[in-house]
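Engineer: File follows, structure_35.txt with compact mmCIF, C-alpha atoms (C1' of nucleotides):
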```
# COMPACT_ATOMS: atom_id res chain seq x y z
CA MET H 1 -3.28 -24.41 92.34
CA TYR H 2 -3.45 -20.95 90.83
CA MET H 3 -1.52 -20.57 87.60
CA GLU H 4 -0.76 -17.24 86.06
CA ASN H 5 -2.73 -16.61 82.88
CA LYS H 6 -0.26 -16.81 80.04
CA THR H 7 -1.86 -14.04 78.01
CA TYR H 8 -1.45 -11.57 80.81
CA PHE H 9 1.97 -12.82 81.76
CA SER H 10 3.23 -12.37 78.19
CA ALA H 11 1.99 -8.81 78.22
CA ILE H 12 3.86 -8.05 81.41
CA VAL H 13 7.07 -9.61 80.16
CA GLU H 14 6.81 -7.80 76.84
CA ILE H 15 6.39 -4.43 78.52
CA ILE H 16 9.47 -4.91 80.66
CA LYS H 17 11.60 -6.38 77.89
CA THR H 18 10.66 -3.71 75.39
CA GLY H 19 11.33 -0.95 77.89
CA HIS H 20 14.82 -2.30 78.47
CA TRP H 21 15.32 -2.79 74.77
CA ILE H 22 14.51 0.82 74.00
CA THR H 23 16.61 2.30 76.80
CA ASP H 24 19.54 0.05 75.92
CA MET H 25 19.40 1.24 72.34
CA VAL H 26 19.15 4.86 73.40
CA SER H 27 22.08 4.42 75.78
CA GLN H 28 24.14 3.12 72.89
CA GLU H 29 23.22 6.13 70.79
CA LEU H 30 24.21 8.47 73.60
CA LYS H 31 27.49 6.77 74.33
CA GLU H 32 29.33 8.62 71.61
CA TYR H 33 28.50 11.84 73.46
CA ASP H 34 29.58 10.33 76.77
CA ILE H 35 26.26 10.95 78.43
CA SER H 36 24.10 8.47 80.32
CA GLU H 37 20.42 7.88 79.72
CA PRO H 38 19.45 9.40 83.12
CA GLN H 39 21.57 12.48 82.38
CA PHE H 40 19.86 12.81 79.01
CA ASN H 41 16.50 12.42 80.69
CA VAL H 42 17.28 15.22 83.15
CA LEU H 43 18.37 17.54 80.35
CA ARG H 44 15.12 16.89 78.52
CA ILE H 45 13.08 17.55 81.63
CA LEU H 46 14.87 20.84 82.20
CA LYS H 47 14.41 21.90 78.61
CA GLY H 48 10.73 21.11 78.96
CA GLN H 49 10.49 23.76 81.68
CA LYS H 50 11.22 26.45 79.11
CA GLY H 51 13.54 28.50 81.25
CA LYS H 52 11.81 28.02 84.59
CA PRO H 53 14.19 26.39 87.08
CA ILE H 54 12.97 23.37 89.02
CA THR H 55 14.13 21.61 92.16
CA VAL H 56 15.93 18.33 92.57
CA GLU H 57 12.76 16.80 93.93
CA VAL H 58 10.68 17.80 90.92
CA ILE H 59 13.31 16.46 88.57
CA ALA H 60 13.25 13.13 90.39
CA SER H 61 9.48 12.95 90.12
CA LEU H 62 9.54 13.61 86.40
CA MET H 63 12.25 11.15 85.52
CA ILE H 64 11.42 8.08 83.52
CA HIS H 65 12.90 6.03 86.32
CA ARG H 66 12.75 7.92 89.60
CA SER H 67 16.30 8.06 90.86
CA SER H 68 17.67 8.59 94.33
CA ASN H 69 20.78 10.16 92.90
CA VAL H 70 19.62 13.26 91.14
CA THR H 71 22.22 15.31 93.01
CA ARG H 72 25.05 13.32 91.50
CA ILE H 73 23.51 13.36 88.04
CA ILE H 74 23.31 17.15 88.28
CA ASP H 75 26.91 17.22 89.52
CA LYS H 76 28.05 15.63 86.28
CA LEU H 77 25.99 17.93 84.09
CA LEU H 78 27.30 20.92 86.04
CA ILE H 79 30.90 19.98 85.37
CA ARG H 80 30.15 20.07 81.66
CA GLY H 81 28.35 23.39 81.95
CA LEU H 82 25.09 21.94 80.68
CA VAL H 83 23.02 22.99 83.70
CA SER H 84 23.10 25.59 86.46
CA ARG H 85 22.40 25.10 90.17
CA GLN H 86 21.70 27.73 92.77
CA GLU H 87 19.99 28.02 96.08
CA CYS H 88 16.28 28.69 95.80
CA GLN H 89 15.52 32.25 96.92
CA THR H 90 12.29 31.48 98.73
CA ASN H 91 13.37 28.22 100.35
CA ARG H 92 17.02 27.65 101.00
CA ARG H 93 16.54 23.92 101.40
CA LYS H 94 15.78 23.70 97.72
CA MET H 95 17.96 24.09 94.69
CA ASP H 96 17.02 25.80 91.46
CA ILE H 97 18.25 23.73 88.56
CA ASN H 98 18.13 24.99 85.02
CA ILE H 99 19.51 24.08 81.65
CA THR H 100 22.12 26.43 80.19
CA ALA H 101 22.37 27.69 76.63
CA GLU H 102 25.16 25.18 76.11
CA GLY H 103 22.88 22.48 77.50
CA ILE H 104 20.18 23.36 75.01
CA GLU H 105 22.63 23.30 72.12
CA PHE H 106 24.04 19.99 73.24
CA LEU H 107 20.59 18.51 73.67
CA LYS H 108 19.80 19.31 70.06
CA LEU H 109 22.54 16.91 68.98
CA LEU H 110 21.30 14.22 71.32
CA ASP H 111 17.68 14.67 70.31
CA LYS H 112 18.57 14.21 66.68
CA LYS H 113 20.35 10.95 67.47
CA VAL H 114 17.51 9.62 69.58
CA THR H 115 14.81 10.75 67.19
CA ASP H 116 16.60 9.00 64.37
CA PHE H 117 16.34 5.83 66.40
CA HIS H 118 12.72 6.41 67.38
CA LYS H 119 11.50 7.11 63.88
CA PRO H 120 11.93 3.69 62.27
CA MET H 121 10.58 2.04 65.41
CA MET H 122 7.49 4.24 65.42
CA SER H 123 6.88 3.57 61.74
CA LYS H 124 6.15 -0.04 62.64
CA ILE H 125 2.84 0.82 64.26
CA SER H 126 -0.04 3.09 63.30
CA GLU H 127 -1.06 6.15 65.24
CA LYS H 128 -4.16 4.32 66.40
CA GLU H 129 -2.05 1.45 67.67
CA ALA H 130 0.17 3.87 69.55
CA LYS H 131 -2.90 5.39 71.18
CA ASP H 132 -4.32 1.97 72.08
CA LEU H 133 -0.99 0.93 73.50
CA THR H 134 -0.77 4.00 75.71
CA ARG H 135 -4.35 3.69 76.85
CA ILE H 136 -4.11 0.02 77.81
CA ILE H 137 -0.74 0.31 79.49
CA LYS H 138 -1.90 3.23 81.58
CA LYS H 139 -4.88 1.24 82.81
CA LEU H 140 -2.51 -1.22 84.45
CA LYS H 141 -1.31 1.41 86.87
CA GLU H 142 -4.70 2.84 87.76
CA MET T 1 12.53 21.20 61.98
CA TYR T 2 11.40 17.68 62.71
CA MET T 3 9.36 17.28 65.86
CA GLU T 4 8.63 13.95 67.43
CA ASN T 5 4.99 12.97 67.17
CA LYS T 6 3.55 13.26 70.65
CA THR T 7 1.28 10.24 70.32
CA TYR T 8 4.19 7.96 69.56
CA PHE T 9 6.44 9.60 72.09
CA SER T 10 3.90 9.05 74.87
CA ALA T 11 3.68 5.40 73.95
CA ILE T 12 7.44 4.99 74.20
CA VAL T 13 7.63 6.78 77.53
CA GLU T 14 4.74 4.76 78.93
CA ILE T 15 6.35 1.47 77.97
CA ILE T 16 9.59 2.35 79.71
CA LYS T 17 7.95 3.86 82.77
CA THR T 18 5.57 0.97 83.23
CA GLY T 19 8.34 -1.56 82.83
CA HIS T 20 10.30 0.14 85.59
CA TRP T 21 7.20 0.46 87.71
CA ILE T 22 6.48 -3.27 87.54
CA THR T 23 10.06 -4.37 88.21
CA ASP T 24 10.39 -1.91 91.08
CA MET T 25 7.26 -3.33 92.67
CA VAL T 26 8.43 -6.89 92.17
CA SER T 27 11.83 -6.04 93.66
CA GLN T 28 10.08 -4.72 96.73
CA GLU T 29 8.08 -7.92 97.05
CA LEU T 30 11.25 -10.00 96.76
CA LYS T 31 13.22 -7.95 99.24
CA GLU T 32 11.81 -9.79 102.22
CA TYR T 33 13.37 -12.96 100.80
CA ASP T 34 16.65 -11.16 100.18
CA ILE T 35 16.68 -11.98 96.50
CA SER T 36 17.14 -9.62 93.59
CA GLU T 37 14.90 -9.41 90.56
CA PRO T 38 17.61 -10.80 88.23
CA GLN T 39 18.20 -13.71 90.62
CA PHE T 40 14.47 -14.40 90.65
CA ASN T 41 14.40 -14.22 86.89
CA VAL T 42 17.20 -16.78 86.59
CA LEU T 43 15.43 -19.15 88.96
CA ARG T 44 12.26 -18.92 86.87
CA ILE T 45 14.18 -19.57 83.67
CA LEU T 46 15.81 -22.64 85.19
CA LYS T 47 12.51 -23.96 86.47
CA GLY T 48 11.10 -23.49 82.99
CA GLN T 49 13.64 -25.98 81.67
CA LYS T 50 11.93 -28.75 83.65
CA GLY T 51 15.08 -30.44 84.84
CA LYS T 52 17.21 -29.93 81.76
CA PRO T 53 20.35 -27.95 82.64
CA ILE T 54 21.23 -24.94 80.50
CA THR T 55 24.36 -22.90 79.98
CA VAL T 56 25.23 -19.43 81.23
CA GLU T 57 24.87 -18.13 77.71
CA VAL T 58 21.36 -19.50 77.29
CA ILE T 59 20.32 -18.05 80.64
CA ALA T 60 21.59 -14.64 79.58
CA SER T 61 19.63 -14.82 76.34
CA LEU T 62 16.42 -15.70 78.15
CA MET T 63 16.65 -13.07 80.84
CA ILE T 64 14.20 -10.21 80.85
CA HIS T 65 17.17 -7.86 80.77
CA ARG T 66 20.18 -9.56 79.23
CA SER T 67 22.91 -9.31 81.81
CA SER T 68 26.66 -9.50 81.43
CA ASN T 69 26.98 -10.86 84.95
CA VAL T 70 25.16 -14.15 84.90
CA THR T 71 28.19 -15.84 86.45
CA ARG T 72 27.94 -13.69 89.57
CA ILE T 73 24.18 -14.06 89.76
CA ILE T 74 24.66 -17.83 89.68
CA ASP T 75 27.40 -17.50 92.33
CA LYS T 76 24.88 -16.05 94.74
CA LEU T 77 22.23 -18.61 94.03
CA LEU T 78 24.83 -21.35 94.45
CA ILE T 79 25.78 -20.14 97.92
CA ARG T 80 22.16 -20.54 98.95
CA GLY T 81 21.92 -23.97 97.38
CA LEU T 82 19.19 -22.90 94.99
CA VAL T 83 21.02 -23.95 91.83
CA SER T 84 23.75 -26.36 90.77
CA ARG T 85 26.64 -25.70 88.43
CA GLN T 86 28.90 -28.22 86.74
CA GLU T 87 31.10 -28.46 83.71
CA CYS T 88 29.23 -29.50 80.60
CA GLN T 89 30.23 -33.06 79.61
CA THR T 90 30.28 -32.48 75.88
CA ASN T 91 31.90 -29.05 75.90
CA ARG T 92 34.10 -28.09 78.78
CA ARG T 93 33.88 -24.40 77.98
CA LYS T 94 30.25 -24.48 78.99
CA MET T 95 28.58 -24.85 82.34
CA ASP T 96 25.47 -26.83 83.09
CA ILE T 97 23.26 -24.82 85.40
CA ASN T 98 20.18 -26.31 86.98
CA ILE T 99 17.72 -25.48 89.71
CA THR T 100 17.83 -27.67 92.83
CA ALA T 101 14.88 -29.10 94.73
CA GLU T 102 15.46 -26.38 97.33
CA GLY T 103 15.41 -23.83 94.55
CA ILE T 104 12.06 -25.10 93.32
CA GLU T 105 10.59 -24.98 96.82
CA PHE T 106 11.92 -21.48 97.39
CA LEU T 107 10.62 -20.31 94.05
CA LYS T 108 7.12 -21.39 95.05
CA LEU T 109 7.17 -18.83 97.85
CA LEU T 110 8.43 -16.11 95.53
CA ASP T 111 5.96 -16.95 92.80
CA LYS T 112 3.10 -16.64 95.22
CA LYS T 113 4.27 -13.19 96.27
CA VAL T 114 4.75 -11.99 92.72
CA THR T 115 1.53 -13.50 91.46
CA ASP T 116 -0.36 -11.78 94.25
CA PHE T 117 1.05 -8.53 92.93
CA HIS T 118 0.34 -9.37 89.29
CA LYS T 119 -3.27 -10.40 89.84
CA PRO T 120 -4.82 -7.04 90.77
CA MET T 121 -2.80 -5.34 88.05
CA MET T 122 -3.97 -7.80 85.42
CA SER T 123 -7.57 -7.41 86.51
CA LYS T 124 -7.43 -3.82 85.26
CA ILE T 125 -7.41 -4.88 81.61
CA SER T 126 -9.36 -7.46 79.61
CA GLU T 127 -7.80 -10.49 78.01
CA LYS T 128 -8.34 -8.89 74.62
CA GLU T 129 -6.54 -5.77 75.75
CA ALA T 130 -3.64 -7.86 77.01
CA LYS T 131 -3.43 -9.55 73.63
CA ASP T 132 -3.59 -6.25 71.76
CA LEU T 133 -0.92 -4.83 74.01
CA THR T 134 1.42 -7.75 73.36
CA ARG T 135 0.78 -7.70 69.64
CA ILE T 136 1.40 -3.97 69.22
CA ILE T 137 4.43 -3.85 71.45
CA LYS T 138 6.03 -6.75 69.63
CA LYS T 139 5.60 -4.98 66.31
CA LEU T 140 7.90 -2.21 67.53
CA LYS T 141 10.82 -4.60 67.65
CA GLU T 142 10.23 -6.29 64.31
C1' DG U 1 10.72 32.14 120.44
C1' DA U 2 12.24 27.37 121.92
C1' DA U 3 11.70 22.81 121.05
C1' DC U 4 10.27 19.64 118.02
C1' DT U 5 9.04 17.75 113.57
C1' DA U 6 9.13 17.73 108.59
C1' DT U 7 11.29 18.83 104.36
C1' DT U 8 15.03 18.97 101.04
C1' DC U 9 19.33 18.06 99.38
C1' DT U 10 23.77 15.88 99.98
C1' DT U 11 26.91 12.31 101.26
C1' DG U 12 28.64 7.60 102.84
C1' DT U 13 28.64 3.00 101.84
C1' DA U 14 27.60 -1.39 100.21
C1' DT U 15 26.05 -3.66 96.20
C1' DA U 16 25.09 -4.07 91.19
C1' DT U 17 26.31 -3.28 86.63
C1' DA U 18 28.75 -2.56 82.19
C1' DC U 19 32.68 -3.32 79.74
C1' DA U 20 37.05 -5.05 78.71
C1' DA U 21 40.57 -8.35 79.55
C1' DT U 22 41.70 -12.99 80.57
C1' DA U 23 41.86 -18.12 80.61
C1' DG U 24 40.58 -22.29 79.06
C1' DT U 25 38.45 -25.07 75.43
C1' DT U 26 37.01 -26.16 70.86
C1' DG U 27 36.89 -25.71 65.87
C1' DT U 28 39.35 -24.93 61.44
C1' DA U 29 42.82 -24.55 57.89
C1' DC U 30 46.83 -26.02 56.27
C1' DG W 1 48.95 -32.28 64.42
C1' DT W 2 50.16 -27.17 64.68
C1' DA W 3 48.83 -22.67 64.40
C1' DC W 4 45.26 -19.72 64.56
C1' DA W 5 40.68 -18.14 65.22
C1' DA W 6 36.30 -18.52 67.63
C1' DC W 7 33.70 -19.53 71.59
C1' DT W 8 32.42 -19.61 76.61
C1' DA W 9 32.72 -18.44 81.21
C1' DT W 10 35.07 -15.87 84.62
C1' DT W 11 37.34 -11.99 86.65
C1' DG W 12 39.11 -7.07 87.21
C1' DT W 13 37.79 -2.53 87.44
C1' DA W 14 35.48 1.68 87.04
C1' DT W 15 31.00 3.54 87.33
C1' DA W 16 26.11 3.58 88.76
C1' DT W 17 22.70 2.63 91.96
C1' DA W 18 19.87 1.93 96.20
C1' DC W 19 19.42 2.91 100.73
C1' DA W 20 20.30 5.01 104.97
C1' DA W 21 22.37 8.64 107.51
C1' DG W 22 23.47 13.38 107.84
C1' DA W 23 23.11 18.52 107.60
C1' DA W 24 20.71 22.55 106.85
C1' DT W 25 16.45 24.98 106.57
C1' DA W 26 11.52 25.63 107.25
C1' DG W 27 7.20 24.86 109.53
C1' DT W 28 4.47 23.96 113.83
C1' DT W 29 3.10 23.85 118.53
C1' DC W 30 3.20 25.39 122.87
```
If you convert what's in this file into structure tokens, what do you get?
Structural biologist:
Amino acid sequence: MYMENKTYFSAIVEIIKTGHWITDMVSQELKEYDISEPQFNVLRILKGQKGKPITVEVIASLMIHRSSNVTRIIDKLLIRGLVSRQECQTNRRKMDINITAEGIEFLKLLDKKVTDFHKPMMSKISEKEAKDLTRIIKKLKE
Amino acid sequence: MYMENKTYFSAIVEIIKTGHWITDMVSQELKEYDISEPQFNVLRILKGQKGKPITVEVIASLMIHRSSNVTRIIDKLLIRGLVSRQECQTNRRKMDINITAEGIEFLKLLDKKVTDFHKPMMSKISEKEAKDLTRIIKKLKE
DNA sequence: GAACTATTCTTGTATATACAATAGTTGTAC
DNA sequence: GTACAACTATTGTATATACAAGAATAGTTC
């Protein structure tokens, strides 16, 4: 009977557990600002576009965990004035989403919080280890 | 102004993304058996106890993603006769949860499915790489 | 250009989840 | 042993999520 190789199995479990561990911690950090991890993720994606609006579909594809509810995530950010949403000029099926000036300001606060959490974690491994980690983990999905 | 080191940031993002990617795939595999990933996880934990019942608390601590709803996960497994639940003799606050013979049989089907998904993924990296991956990723949480 | 198909976002709905509150049991201090 | 605190599982509830269905627009074929 085939048995899963323990070495490989441990690796898989560690990836999943650590991913949850990090996002759980980040969620805790964000809680004081009453913003969810997916909302934070969307804000970061929008900021990364440097002023160029992107569609709901593109946001979904760039999210850490592809979500089927980008519309509703945007709804919440809209209410708080952190993003803008308007019909795409060239294709009225699409929506142009962008981060507002308020969104950028707000994100600065969040980024500080999250970075402060990332820093001590990152200090545990060397830059070479980080590179190795990324390289190996990416191979899994090839 | 402090900027996050890109090498480290990529590593973090890859861990989270890959974790989601794996669990999403596994969830898809399990769907045909109408069982959720957390339910599957609980069954595996129980099987790992080799007949010794464990409490709700212990299950939660062993889960890949610690859940606050173990009771309801157990409820569902109970309905299908895959686990048993009874008051702990020595401490009536606790519950003794165990996997049933049906549960073990059912789990064999699921394990085959999931292993068939794991195998090609694992073949993408060497055993040494898997070990390195586990070692580095564990350091992050130290 | 009409009919059909594909794309894109939104919405409806059922389920899952987090979090807090509760209930029952056990442990502890006096 | 009583009072109080701590522990353990369950339940209530509000929110988040997945998935499918819907609505509007665009593209394609004839």
Engineer: Here is a test: counting only C-alpha atoms (C1' of nucleotides), which residue of W:DA26, W:DA20, W:DA14, W:DA3 is nearest to chain H?
Structural biologist: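 Going through W:DA26, W:DA20, W:DA14, W:DA3 one by one, the smallest distance to chain H is for W:DA26.
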Engineer: Find the spatial neighbours of range 117-119 of chain H, counting all atoms listed in the file, within a cut-off of 12 Å - ignore same-chain residues fewer than 4 positions away - and output them as a tab-separated table (two decimals) with C-alpha atoms, in the frame of the given file.
Structural biologist:
```
chain	number	residue	atom	x	y	z
H	22	ILE	CA	14.51	0.82	74.00
H	23	THR	CA	16.61	2.30	76.80
H	24	ASP	CA	19.54	0.05	75.92
H	25	MET	CA	19.40	1.24	72.34
H	26	VAL	CA	19.15	4.86	73.40
H	27	SER	CA	22.08	4.42	75.78
H	28	GLN	CA	24.14	3.12	72.89
H	29	GLU	CA	23.22	6.13	70.79
H	30	LEU	CA	24.21	8.47	73.60
H	110	LEU	CA	21.30	14.22	71.32
H	111	ASP	CA	17.68	14.67	70.31
H	112	LYS	CA	18.57	14.21	66.68
H	113	LYS	CA	20.35	10.95	67.47
H	123	SER	CA	6.88	3.57	61.74
H	124	LYS	CA	6.15	-0.04	62.64
H	125	ILE	CA	2.84	0.82	64.26
T	2	TYR	CA	11.40	17.68	62.71
T	3	MET	CA	9.36	17.28	65.86
T	4	GLU	CA	8.63	13.95	67.43
T	5	ASN	CA	4.99	12.97	67.17
T	6	LYS	CA	3.55	13.26	70.65
T	8	TYR	CA	4.19	7.96	69.56
T	9	PHE	CA	6.44	9.60	72.09
T	10	SER	CA	3.90	9.05	74.87
T	11	ALA	CA	3.68	5.40	73.95
T	12	ILE	CA	7.44	4.99	74.20
T	13	VAL	CA	7.63	6.78	77.53
T	140	LEU	CA	7.90	-2.21	67.53
T	141	LYS	CA	10.82	-4.60	67.65
```
Engineer: Distance cut-off 12 Å, counting only C-alpha atoms (C1' of nucleotides) - which residues of chain U neighbour chain H? Return them as a PyMOL selection string.
Structural biologist: chain U and resi 7-11+18
Engineer: Using only C-alpha atoms (C1' of nucleotides), please write the residues we just selected to a file, as a short mmCIF file (atom, residue, chain, number, x, y, z; two decimals), in the coordinates of the input.
Structural biologist:
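Saved file result.cif follows:
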```cif
data_model
loop_
_atom_site.label_atom_id
_atom_site.label_comp_id
_atom_site.auth_asym_id
_atom_site.auth_seq_id
_atom_site.Cartn_x
_atom_site.Cartn_y
_atom_site.Cartn_z
"C1'" DT U 7 11.29 18.83 104.36
"C1'" DT U 8 15.03 18.97 101.04
"C1'" DC U 9 19.33 18.06 99.38
"C1'" DT U 10 23.77 15.88 99.98
"C1'" DT U 11 26.91 12.31 101.26
"C1'" DA U 18 28.75 -2.56 82.19
#
```
Engineer: By how many Å are C1' of DA16 in chain U and CA of Phe40 in chain H apart?
Structural biologist: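 Separation between C1' of DA16 in chain U and CA of Phe40 in chain H: 21.5 Å.
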Engineer: Please find the residues of chain W near chain T - the criterion being any atom within 9 Å, counting only C-alpha atoms (C1' of nucleotides) - and write them as a list in words.
Structural biologist: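 That gives DC7, DT8, DA9 and DT10 of chain W for chain W.
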Engineer: Quick one: chain H onto chain T, least squares on all Cα paired in order, result as a CSV table (one decimal) with C-alpha atoms, in the frame of the given file?
Structural biologist:
```
chain,number,residue,atom,x,y,z
H,1,MET,CA,12.4,21.3,62.0
H,2,TYR,CA,11.3,17.7,62.7
H,3,MET,CA,9.3,17.3,65.9
H,4,GLU,CA,8.6,14.0,67.5
H,5,ASN,CA,5.0,13.0,67.2
H,6,LYS,CA,3.5,13.3,70.7
H,7,THR,CA,1.3,10.3,70.3
H,8,TYR,CA,4.2,8.0,69.6
H,9,PHE,CA,6.4,9.6,72.1
H,10,SER,CA,3.9,9.1,74.9
H,11,ALA,CA,3.7,5.4,74.0
H,12,ILE,CA,7.4,5.0,74.2
H,13,VAL,CA,7.6,6.8,77.5
H,14,GLU,CA,4.7,4.8,78.9
H,15,ILE,CA,6.3,1.5,78.0
H,16,ILE,CA,9.6,2.4,79.7
H,17,LYS,CA,8.0,3.9,82.8
H,18,THR,CA,5.6,1.0,83.2
H,19,GLY,CA,8.3,-1.6,82.8
H,20,HIS,CA,10.3,0.1,85.6
H,21,TRP,CA,7.2,0.4,87.7
H,22,ILE,CA,6.5,-3.3,87.5
H,23,THR,CA,10.1,-4.4,88.2
H,24,ASP,CA,10.4,-1.9,91.1
H,25,MET,CA,7.3,-3.3,92.6
H,26,VAL,CA,8.4,-6.9,92.1
H,27,SER,CA,11.8,-6.0,93.6
H,28,GLN,CA,10.1,-4.7,96.7
H,29,GLU,CA,8.1,-7.9,97.0
H,30,LEU,CA,11.2,-10.0,96.7
H,31,LYS,CA,13.2,-8.0,99.2
H,32,GLU,CA,11.8,-9.8,102.2
H,33,TYR,CA,13.4,-13.0,100.8
H,34,ASP,CA,16.7,-11.2,100.1
H,35,ILE,CA,16.7,-12.0,96.5
H,36,SER,CA,17.2,-9.6,93.6
H,37,GLU,CA,14.9,-9.4,90.5
H,38,PRO,CA,17.6,-10.8,88.2
H,39,GLN,CA,18.2,-13.7,90.6
H,40,PHE,CA,14.5,-14.4,90.6
H,41,ASN,CA,14.4,-14.2,86.9
H,42,VAL,CA,17.2,-16.8,86.6
H,43,LEU,CA,15.4,-19.2,89.0
H,44,ARG,CA,12.3,-18.9,86.9
H,45,ILE,CA,14.2,-19.6,83.7
H,46,LEU,CA,15.8,-22.7,85.2
H,47,LYS,CA,12.5,-24.0,86.5
H,48,GLY,CA,11.1,-23.5,83.0
H,49,GLN,CA,13.6,-26.0,81.7
H,50,LYS,CA,11.9,-28.7,83.7
H,51,GLY,CA,15.1,-30.4,84.9
H,52,LYS,CA,17.2,-29.9,81.8
H,53,PRO,CA,20.3,-27.9,82.7
H,54,ILE,CA,21.2,-24.9,80.5
H,55,THR,CA,24.4,-22.9,80.0
H,56,VAL,CA,25.2,-19.5,81.2
H,57,GLU,CA,24.9,-18.1,77.7
H,58,VAL,CA,21.4,-19.5,77.3
H,59,ILE,CA,20.3,-18.1,80.6
H,60,ALA,CA,21.6,-14.7,79.6
H,61,SER,CA,19.7,-14.8,76.3
H,62,LEU,CA,16.4,-15.7,78.1
H,63,MET,CA,16.7,-13.1,80.8
H,64,ILE,CA,14.2,-10.2,80.8
H,65,HIS,CA,17.2,-7.9,80.7
H,66,ARG,CA,20.2,-9.6,79.2
H,67,SER,CA,22.9,-9.3,81.8
H,68,SER,CA,26.7,-9.5,81.4
H,69,ASN,CA,27.0,-10.9,84.9
H,70,VAL,CA,25.2,-14.2,84.9
H,71,THR,CA,28.2,-15.9,86.5
H,72,ARG,CA,28.0,-13.7,89.5
H,73,ILE,CA,24.2,-14.1,89.8
H,74,ILE,CA,24.7,-17.9,89.7
H,75,ASP,CA,27.4,-17.5,92.3
H,76,LYS,CA,24.9,-16.0,94.7
H,77,LEU,CA,22.2,-18.6,94.0
H,78,LEU,CA,24.8,-21.4,94.5
H,79,ILE,CA,25.8,-20.1,97.9
H,80,ARG,CA,22.2,-20.5,98.9
H,81,GLY,CA,21.9,-24.0,97.4
H,82,LEU,CA,19.2,-22.9,95.0
H,83,VAL,CA,21.0,-24.0,91.8
H,84,SER,CA,23.7,-26.4,90.8
H,85,ARG,CA,26.7,-25.7,88.4
H,86,GLN,CA,28.9,-28.3,86.8
H,87,GLU,CA,31.1,-28.5,83.8
H,88,CYS,CA,29.2,-29.5,80.6
H,89,GLN,CA,30.2,-33.1,79.6
H,90,THR,CA,30.3,-32.5,75.9
H,91,ASN,CA,31.9,-29.1,75.9
H,92,ARG,CA,34.1,-28.1,78.9
H,93,ARG,CA,33.9,-24.4,78.0
H,94,LYS,CA,30.3,-24.5,79.0
H,95,MET,CA,28.6,-24.9,82.4
H,96,ASP,CA,25.5,-26.8,83.1
H,97,ILE,CA,23.2,-24.8,85.4
H,98,ASN,CA,20.2,-26.3,87.0
H,99,ILE,CA,17.7,-25.5,89.7
H,100,THR,CA,17.8,-27.7,92.8
H,101,ALA,CA,14.9,-29.1,94.8
H,102,GLU,CA,15.5,-26.4,97.3
H,103,GLY,CA,15.4,-23.8,94.5
H,104,ILE,CA,12.1,-25.1,93.3
H,105,GLU,CA,10.6,-25.0,96.8
H,106,PHE,CA,11.9,-21.5,97.4
H,107,LEU,CA,10.6,-20.3,94.0
H,108,LYS,CA,7.1,-21.4,95.0
H,109,LEU,CA,7.2,-18.8,97.8
H,110,LEU,CA,8.4,-16.1,95.5
H,111,ASP,CA,6.0,-17.0,92.8
H,112,LYS,CA,3.1,-16.6,95.2
H,113,LYS,CA,4.3,-13.2,96.2
H,114,VAL,CA,4.8,-12.0,92.7
H,115,THR,CA,1.5,-13.5,91.5
H,116,ASP,CA,-0.3,-11.8,94.2
H,117,PHE,CA,1.1,-8.5,92.9
H,118,HIS,CA,0.3,-9.4,89.3
H,119,LYS,CA,-3.3,-10.4,89.8
H,120,PRO,CA,-4.8,-7.0,90.8
H,121,MET,CA,-2.8,-5.3,88.0
H,122,MET,CA,-4.0,-7.8,85.4
H,123,SER,CA,-7.6,-7.4,86.5
H,124,LYS,CA,-7.4,-3.8,85.3
H,125,ILE,CA,-7.4,-4.9,81.6
H,126,SER,CA,-9.4,-7.5,79.6
H,127,GLU,CA,-7.8,-10.5,78.0
H,128,LYS,CA,-8.4,-8.9,74.6
H,129,GLU,CA,-6.5,-5.8,75.8
H,130,ALA,CA,-3.6,-7.9,77.0
H,131,LYS,CA,-3.4,-9.6,73.6
H,132,ASP,CA,-3.6,-6.2,71.8
H,133,LEU,CA,-0.9,-4.8,74.0
H,134,THR,CA,1.4,-7.7,73.4
H,135,ARG,CA,0.8,-7.7,69.6
H,136,ILE,CA,1.4,-3.9,69.2
H,137,ILE,CA,4.4,-3.8,71.5
H,138,LYS,CA,6.0,-6.7,69.6
H,139,LYS,CA,5.6,-4.9,66.3
H,140,LEU,CA,7.9,-2.2,67.5
H,141,LYS,CA,10.8,-4.5,67.6
H,142,GLU,CA,10.2,-6.2,64.3
```
Engineer: What is the distance, in Å and to one decimal place, between CA of Glu105 in chain T and CA of Val58 in chain T?
Structural biologist: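 Calculated distance between CA of Glu105 in chain T and CA of Val58 in chain T is 23.0 Å.
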Engineer: Between CA of Val83 in chain T and CA of Asp96 in chain T, what is the distance, to one decimal in Å?
Structural biologist: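 We find that CA of Val83 in chain T and CA of Asp96 in chain T lie 10.2 Å from each other.
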Engineer: Please list as a ChimeraX atom specification every residue within 12 Å of Lys139 in chain H, counting all atoms listed in the file and excluding residues in the same chain fewer than 4 positions away.
Structural biologist: /H:132-135 /T:14,18,120-126,129-130,133
Engineer: Go ahead and save the residues from that selection, with C-alpha atoms, as an mmCIF file, keeping the file's coordinate frame.
Structural biologist:
```cif
data_model
loop_
_atom_site.group_PDB
_atom_site.id
_atom_site.type_symbol
_atom_site.label_atom_id
_atom_site.label_comp_id
_atom_site.auth_asym_id
_atom_site.auth_seq_id
_atom_site.Cartn_x
_atom_site.Cartn_y
_atom_site.Cartn_z
ATOM 1 C CA ASP H 132 -4.320 1.970 72.080
ATOM 2 C CA LEU H 133 -0.990 0.930 73.500
ATOM 3 C CA THR H 134 -0.770 4.000 75.710
ATOM 4 C CA ARG H 135 -4.350 3.690 76.850
ATOM 5 C CA GLU T 14 4.740 4.760 78.930
ATOM 6 C CA THR T 18 5.570 0.970 83.230
ATOM 7 C CA PRO T 120 -4.820 -7.040 90.770
ATOM 8 C CA MET T 121 -2.800 -5.340 88.050
ATOM 9 C CA MET T 122 -3.970 -7.800 85.420
ATOM 10 C CA SER T 123 -7.570 -7.410 86.510
ATOM 11 C CA LYS T 124 -7.430 -3.820 85.260
ATOM 12 C CA ILE T 125 -7.410 -4.880 81.610
ATOM 13 C CA SER T 126 -9.360 -7.460 79.610
ATOM 14 C CA GLU T 129 -6.540 -5.770 75.750
ATOM 15 C CA ALA T 130 -3.640 -7.860 77.010
ATOM 16 C CA LEU T 133 -0.920 -4.830 74.010
#
```
